[in-house]
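Heads up: the structure comes next, in structure tokens.
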Amino acid sequence: MVRSFEQERERPGLLVKGTADINRQAHSLILDPVGGGEERTLWRSQGSRAPSEKLSENQIGWSLKKEEKTPKSRLSKDIANLRDRPPSDTELIKERFAKLLLGEDMSGGGKGVSSALALSNAITNLAASVFGEQWKLEPMSAERKARWRKEIDWLLSVTDHIVEFVPSQQISKDGTNVEIMVTRQRTDLHMNIPALRKLDAMLIDYLDRFKDQNEFWYVSKDEEEGEKGSRQGDKWWLPTAKVPPQGLSDVSRKWLQFQKDSVNQVLKAAMAINAQVLSEMEIPENYIESLPKNGRASLGDSIYRSITVDFFDPEQFLSTLDLSTEHKILDLKNRIEASIVIWRRKMIHKDGKSSWGSAVSLEKRELFEERAETILVLLKQRFPGIPQSVLDISKIQFNRDVGQSVLESYSRILESLAFTILSRIEDVFYADSLTQNPTEAEVERRPYCANPTSTSPLSKFPSPGEEMEKLDAMENEHALTLSDFMGWNIEQEADMKKTDDPGSLEDILGNGA
């Protein structure tokens, strides 16, 4: 009678051997019955102890016993302790610069991005992690400040080694003057890195000045959803600014306007540096190949006719366009920049031998380019928070100059932080305006527009030097916290009471301005 394999399994303690006893080291399967009718499967060698015997820890098979714990080595404990503690500065530096050297290609296959783009991305990502949740007008935490200053110093240290040769005088041993060539930091970095560091420190200082204010506060996104939805629109996650029912006091309103003017000047300086750096970057060939052959095709017939008329007013031109959304503003910016590149290239190929040649005269083309530049400057000044254009993204992506990448990314993230602070100040002013005119809550807010009526029609973007000089002139005037400002106004009021005509509160506030 032939027993099946299943029938043989039912016999407790059965030893299932191979077809032949080759040697005493051949393994066999033991079905060892355990309490409760369960069976435990073990492998053992021929000639070993019976399965019923207890396995000691020095014998083969002891590690398979489920009820006993596996000992941990000292090395595994040390590794666990290393994972629990925060990484040291040395480890962070190694990680950061390893990613830069690998070009963000962690496989090491050499398919990473350029060093310039990797450094630009590192600065951008650092700013996003530090400033990305600056949703309120309040000081940054000490931990975030320390992290920002430490890690941005690491990334900016690369610029200390970007040098150029300059002539210098050296006195030899015999007393004669000898001209030699020495190295120093490249001129653009030597001028702009200290300026950007100053703007960086000023923006953080502006946030610190809000620690004493108590006339506005914020409610979480879970509260007053109806009001928040009508106010924030696509930025529903932002907390809503609230003010007392009677609105802000005159002193707080005036002080808040001071802070807005100061931050706005920092924004202009950062934008000027960023615009200058981007203008010095080369235009990638793939962007040029994607352009149409003439400016009319890029702008469209309507915009082209408006720019090429005999009498052109940039303010009136912008007033006729629909700029109610970021998408429409960015689309116009892309069209304007593309037309400028087309007209400039046609002026370079004015001999007519290139496919870029045209029958339009050189004088008219220069005039059209100047008008387009004016429109572009107005767009950047009025709407500083719009995303980067196609041309800007293409330049940053294909740029190979590490110094320019650092300047562009550093100025861009400071520009973004300044715009964020301005937007938060605008939120408080908006909440204050609702106390005066509640019907404004039903009006949909357009993208932030920086002084649309006071912008002069410049054909070129202001230079960084001019904007930094204006900022220096404003710095001492606006370097006051709310407590300092209120105390200063009290002193002004006391001095006015000593005179025959004490004056009104508006006069006192006017003097404080």
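A note on labels: chains of the structure tokens are A, B, ... as shown, every chain counts residues from 1, and ligands are counted from 1 in their shown order.
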Within 12 Å of A:His161 using only C-alpha atoms, minus same-chain residues under 6 positions, as a count of residues only: 9
May I have all residues of stretch 90-179 of chain A that DSSP, computed from the backbone, assigns to strand (DSSP E or B), given as a PDB file with all heavy atoms, in the first residue's frame?
ATOM      1  N   VAL A 163      37.347  84.570  -8.371  1.00  0.00           N
ATOM      2  CA  VAL A 163      38.248  85.732  -8.348  1.00  0.00           C
ATOM      3  C   VAL A 163      38.594  86.157  -9.767  1.00  0.00           C
ATOM      4  O   VAL A 163      38.293  85.463 -10.747  1.00  0.00           O
ATOM      5  CB  VAL A 163      39.540  85.399  -7.566  1.00  0.00           C
ATOM      6  CG1 VAL A 163      39.214  85.084  -6.109  1.00  0.00           C
ATOM      7  CG2 VAL A 163      40.284  84.220  -8.195  1.00  0.00           C
ATOM      8  N   GLU A 164      39.245  87.297  -9.844  1.00  0.00           N
ATOM      9  CA  GLU A 164      39.768  87.824 -11.088  1.00  0.00           C
ATOM     10  C   GLU A 164      41.122  88.467 -10.805  1.00  0.00           C
ATOM     11  O   GLU A 164      41.422  88.839  -9.664  1.00  0.00           O
ATOM     12  CB  GLU A 164      38.813  88.849 -11.703  1.00  0.00           C
ATOM     13  CG  GLU A 164      38.561  90.057 -10.835  1.00  0.00           C
ATOM     14  CD  GLU A 164      37.522  90.996 -11.410  1.00  0.00           C
ATOM     15  OE1 GLU A 164      37.006  90.694 -12.500  1.00  0.00           O
ATOM     16  OE2 GLU A 164      37.232  92.017 -10.763  1.00  0.00           O
ATOM     17  N   PHE A 165      41.942  88.606 -11.844  1.00  0.00           N
ATOM     18  CA  PHE A 165      43.252  89.224 -11.695  1.00  0.00           C
ATOM     19  C   PHE A 165      43.144  90.730 -11.892  1.00  0.00           C
ATOM     20  O   PHE A 165      42.510  91.201 -12.847  1.00  0.00           O
ATOM     21  CB  PHE A 165      44.256  88.646 -12.700  1.00  0.00           C
ATOM     22  CG  PHE A 165      44.722  87.264 -12.342  1.00  0.00           C
ATOM     23  CD1 PHE A 165      44.196  86.143 -12.973  1.00  0.00           C
ATOM     24  CD2 PHE A 165      45.702  87.083 -11.377  1.00  0.00           C
ATOM     25  CE1 PHE A 165      44.627  84.875 -12.638  1.00  0.00           C
ATOM     26  CE2 PHE A 165      46.145  85.812 -11.040  1.00  0.00           C
ATOM     27  CZ  PHE A 165      45.604  84.706 -11.671  1.00  0.00           C
ATOM     28  N   VAL A 166      43.779  91.472 -10.993  1.00  0.00           N
ATOM     29  CA  VAL A 166      43.814  92.934 -11.076  1.00  0.00           C
ATOM     30  C   VAL A 166      45.246  93.394 -10.820  1.00  0.00           C
ATOM     31  O   VAL A 166      45.995  92.750 -10.071  1.00  0.00           O
ATOM     32  CB  VAL A 166      42.865  93.590 -10.047  1.00  0.00           C
ATOM     33  CG1 VAL A 166      41.422  93.267 -10.358  1.00  0.00           C
ATOM     34  CG2 VAL A 166      43.204  93.144  -8.627  1.00  0.00           C
ATOM     35  N   PRO A 167      45.653  94.490 -11.446  1.00  0.00           N
ATOM     36  CA  PRO A 167      47.022  94.994 -11.212  1.00  0.00           C
ATOM     37  C   PRO A 167      47.157  95.600  -9.822  1.00  0.00           C
ATOM     38  O   PRO A 167      46.217  96.175  -9.281  1.00  0.00           O
ATOM     39  CB  PRO A 167      47.205  96.038 -12.310  1.00  0.00           C
ATOM     40  CG  PRO A 167      45.822  96.484 -12.647  1.00  0.00           C
ATOM     41  CD  PRO A 167      44.937  95.285 -12.446  1.00  0.00           C
ATOM     42  N   SER A 168      48.337  95.459  -9.257  1.00  0.00           N
ATOM     43  CA  SER A 168      48.619  96.016  -7.942  1.00  0.00           C
ATOM     44  C   SER A 168      50.084  96.420  -7.868  1.00  0.00           C
ATOM     45  O   SER A 168      50.922  95.881  -8.613  1.00  0.00           O
ATOM     46  CB  SER A 168      48.296  94.993  -6.847  1.00  0.00           C
ATOM     47  OG  SER A 168      48.616  95.491  -5.569  1.00  0.00           O
ATOM     48  N   GLN A 169      50.392  97.357  -6.991  1.00  0.00           N
ATOM     49  CA  GLN A 169      51.752  97.847  -6.806  1.00  0.00           C
ATOM     50  C   GLN A 169      52.404  97.140  -5.628  1.00  0.00           C
ATOM     51  O   GLN A 169      51.782  96.966  -4.584  1.00  0.00           O
ATOM     52  CB  GLN A 169      51.754  99.355  -6.573  1.00  0.00           C
ATOM     53  CG  GLN A 169      51.241 100.190  -7.736  1.00  0.00           C
ATOM     54  CD  GLN A 169      52.162 100.142  -8.942  1.00  0.00           C
ATOM     55  OE1 GLN A 169      53.379 100.012  -8.790  1.00  0.00           O
ATOM     56  NE2 GLN A 169      51.573 100.255 -10.126  1.00  0.00           N
ATOM     57  N   GLN A 170      53.640  96.731  -5.819  1.00  0.00           N
ATOM     58  CA  GLN A 170      54.402  96.082  -4.756  1.00  0.00           C
ATOM     59  C   GLN A 170      55.805  96.668  -4.716  1.00  0.00           C
ATOM     60  O   GLN A 170      56.435  96.889  -5.760  1.00  0.00           O
ATOM     61  CB  GLN A 170      54.480  94.576  -4.994  1.00  0.00           C
ATOM     62  CG  GLN A 170      55.169  93.819  -3.862  1.00  0.00           C
ATOM     63  CD  GLN A 170      55.200  92.332  -4.112  1.00  0.00           C
ATOM     64  OE1 GLN A 170      55.010  91.892  -5.238  1.00  0.00           O
ATOM     65  NE2 GLN A 170      55.430  91.551  -3.077  1.00  0.00           N
ATOM     66  N   ILE A 171      56.285  96.940  -3.513  1.00  0.00           N
ATOM     67  CA  ILE A 171      57.623  97.513  -3.341  1.00  0.00           C
ATOM     68  C   ILE A 171      58.622  96.370  -3.193  1.00  0.00           C
ATOM     69  O   ILE A 171      58.489  95.519  -2.306  1.00  0.00           O
ATOM     70  CB  ILE A 171      57.672  98.427  -2.097  1.00  0.00           C
ATOM     71  CG1 ILE A 171      56.658  99.571  -2.257  1.00  0.00           C
ATOM     72  CG2 ILE A 171      59.076  98.981  -1.899  1.00  0.00           C
ATOM     73  CD1 ILE A 171      56.597 100.480  -1.059  1.00  0.00           C
ATOM     74  N   ASN A 177      59.070 100.351  -7.138  1.00  0.00           N
ATOM     75  CA  ASN A 177      57.680  99.893  -7.274  1.00  0.00           C
ATOM     76  C   ASN A 177      57.551  98.947  -8.463  1.00  0.00           C
ATOM     77  O   ASN A 177      58.007  99.263  -9.571  1.00  0.00           O
ATOM     78  CB  ASN A 177      56.729 101.078  -7.455  1.00  0.00           C
ATOM     79  CG  ASN A 177      56.570 101.871  -6.179  1.00  0.00           C
ATOM     80  OD1 ASN A 177      56.711 101.332  -5.088  1.00  0.00           O
ATOM     81  ND2 ASN A 177      56.284 103.162  -6.306  1.00  0.00           N
ATOM     82  N   VAL A 178      56.937  97.830  -8.210  1.00  0.00           N
ATOM     83  CA  VAL A 178      56.745  96.825  -9.248  1.00  0.00           C
ATOM     84  C   VAL A 178      55.256  96.528  -9.356  1.00  0.00           C
ATOM     85  O   VAL A 178      54.585  96.339  -8.342  1.00  0.00           O
ATOM     86  CB  VAL A 178      57.519  95.527  -8.929  1.00  0.00           C
ATOM     87  CG1 VAL A 178      57.310  94.505 -10.034  1.00  0.00           C
ATOM     88  CG2 VAL A 178      58.996  95.818  -8.736  1.00  0.00           C
ATOM     89  N   GLU A 179      54.767  96.521 -10.572  1.00  0.00           N
ATOM     90  CA  GLU A 179      53.354  96.201 -10.796  1.00  0.00           C
ATOM     91  C   GLU A 179      53.205  94.697 -10.960  1.00  0.00           C
ATOM     92  O   GLU A 179      53.864  94.081 -11.815  1.00  0.00           O
ATOM     93  CB  GLU A 179      52.818  96.924 -12.022  1.00  0.00           C
ATOM     94  CG  GLU A 179      51.314  96.725 -12.226  1.00  0.00           C
ATOM     95  CD  GLU A 179      50.776  97.483 -13.413  1.00  0.00           C
ATOM     96  OE1 GLU A 179      50.856  96.934 -14.535  1.00  0.00           O
ATOM     97  OE2 GLU A 179      50.302  98.615 -13.234  1.00  0.00           O
TER      98      GLU A 179
END
What's the 6 Å shell around stretch 291-299 of chain A, counting only C-alpha atoms, without same-chain residues fewer than 3 positions away, as a ChimeraX atom specification? /A:288,303-304,335,339
Produce a file of the selected residues containing all heavy atoms, as a PDB file, in the first residue's frame.
ATOM      1  N   ILE A 288      15.741  80.788 -28.440  1.00  0.00           N
ATOM      2  CA  ILE A 288      15.701  81.547 -29.703  1.00  0.00           C
ATOM      3  C   ILE A 288      15.039  80.723 -30.802  1.00  0.00           C
ATOM      4  O   ILE A 288      14.256  81.251 -31.610  1.00  0.00           O
ATOM      5  CB  ILE A 288      17.130  81.952 -30.103  1.00  0.00           C
ATOM      6  CG1 ILE A 288      17.714  82.908 -29.052  1.00  0.00           C
ATOM      7  CG2 ILE A 288      17.152  82.606 -31.484  1.00  0.00           C
ATOM      8  CD1 ILE A 288      19.159  83.286 -29.296  1.00  0.00           C
ATOM      9  N   ILE A 303      -2.051  93.964 -29.861  1.00  0.00           N
ATOM     10  CA  ILE A 303      -0.977  94.571 -29.073  1.00  0.00           C
ATOM     11  C   ILE A 303       0.075  95.186 -29.986  1.00  0.00           C
ATOM     12  O   ILE A 303       0.621  96.261 -29.687  1.00  0.00           O
ATOM     13  CB  ILE A 303      -0.341  93.510 -28.144  1.00  0.00           C
ATOM     14  CG1 ILE A 303      -1.383  92.987 -27.157  1.00  0.00           C
ATOM     15  CG2 ILE A 303       0.855  94.074 -27.396  1.00  0.00           C
ATOM     16  CD1 ILE A 303      -0.858  91.909 -26.225  1.00  0.00           C
ATOM     17  N   TYR A 304       0.363  94.547 -31.104  1.00  0.00           N
ATOM     18  CA  TYR A 304       1.362  95.086 -32.028  1.00  0.00           C
ATOM     19  C   TYR A 304       0.928  96.444 -32.572  1.00  0.00           C
ATOM     20  O   TYR A 304       1.739  97.376 -32.656  1.00  0.00           O
ATOM     21  CB  TYR A 304       1.575  94.090 -33.171  1.00  0.00           C
ATOM     22  CG  TYR A 304       2.609  94.541 -34.174  1.00  0.00           C
ATOM     23  CD1 TYR A 304       3.969  94.381 -33.929  1.00  0.00           C
ATOM     24  CD2 TYR A 304       2.220  95.119 -35.385  1.00  0.00           C
ATOM     25  CE1 TYR A 304       4.909  94.797 -34.852  1.00  0.00           C
ATOM     26  CE2 TYR A 304       3.151  95.537 -36.320  1.00  0.00           C
ATOM     27  CZ  TYR A 304       4.498  95.374 -36.042  1.00  0.00           C
ATOM     28  OH  TYR A 304       5.428  95.796 -36.958  1.00  0.00           O
ATOM     29  N   ARG A 335       5.092  87.548 -23.933  1.00  0.00           N
ATOM     30  CA  ARG A 335       4.983  88.084 -25.296  1.00  0.00           C
ATOM     31  C   ARG A 335       5.904  89.288 -25.503  1.00  0.00           C
ATOM     32  O   ARG A 335       6.574  89.403 -26.540  1.00  0.00           O
ATOM     33  CB  ARG A 335       3.536  88.487 -25.584  1.00  0.00           C
ATOM     34  CG  ARG A 335       2.558  87.330 -25.697  1.00  0.00           C
ATOM     35  CD  ARG A 335       1.122  87.826 -25.801  1.00  0.00           C
ATOM     36  NE  ARG A 335       0.172  86.748 -25.919  1.00  0.00           N
ATOM     37  CZ  ARG A 335      -0.236  86.224 -27.079  1.00  0.00           C
ATOM     38  NH1 ARG A 335       0.245  86.714 -28.218  1.00  0.00           N
ATOM     39  NH2 ARG A 335      -1.108  85.246 -27.098  1.00  0.00           N
ATOM     40  N   SER A 339       9.181  89.499 -28.069  1.00  0.00           N
ATOM     41  CA  SER A 339       9.273  90.502 -29.135  1.00  0.00           C
ATOM     42  C   SER A 339      10.560  91.314 -29.023  1.00  0.00           C
ATOM     43  O   SER A 339      11.178  91.667 -30.042  1.00  0.00           O
ATOM     44  CB  SER A 339       8.055  91.422 -29.094  1.00  0.00           C
ATOM     45  OG  SER A 339       8.031  92.164 -27.881  1.00  0.00           O
TER      46      SER A 339
END
So how far away is atom CA of A:Trp154 from atom CA of A:Leu92, in Å?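 Atom-to-atom, atom CA of A:Leu92 to atom CA of A:Trp154, that is 10.1 Å.
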When distances are computed from only C-alpha atoms, which of A:Lys268, A:Arg209, A:Lys333, A:Lys380 shows the smallest separation from A:Trp255? A:Arg209
Between atom CA of A:Phe312 and atom CA of A:Glu370, what is the distance in Å, rounded to a tenth? 11.1 Å
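Checking A:Thr176, A:Ser433, A:Asn264, A:Gln246 one by one against A:Pro384, counting only C-alpha atoms, you find the shortest gap at A:Asn264.
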Excluding A:Tyr206 and its own-chain neighbours fewer than 3 positions away, which residues fall within 9 Å of it when counting only C-alpha atoms? Please give them as a list in words.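 The filter keeps Pro139, Ala201, Met202, Leu203, Arg209, Phe210, Gln259, Ser262, Val263, Ile421, Ala479 and Thr481 of chain A.
One distance worth recording is that between atom CA of A:Ser115 and atom CA of A:Ser416, which is 23.2 Å.
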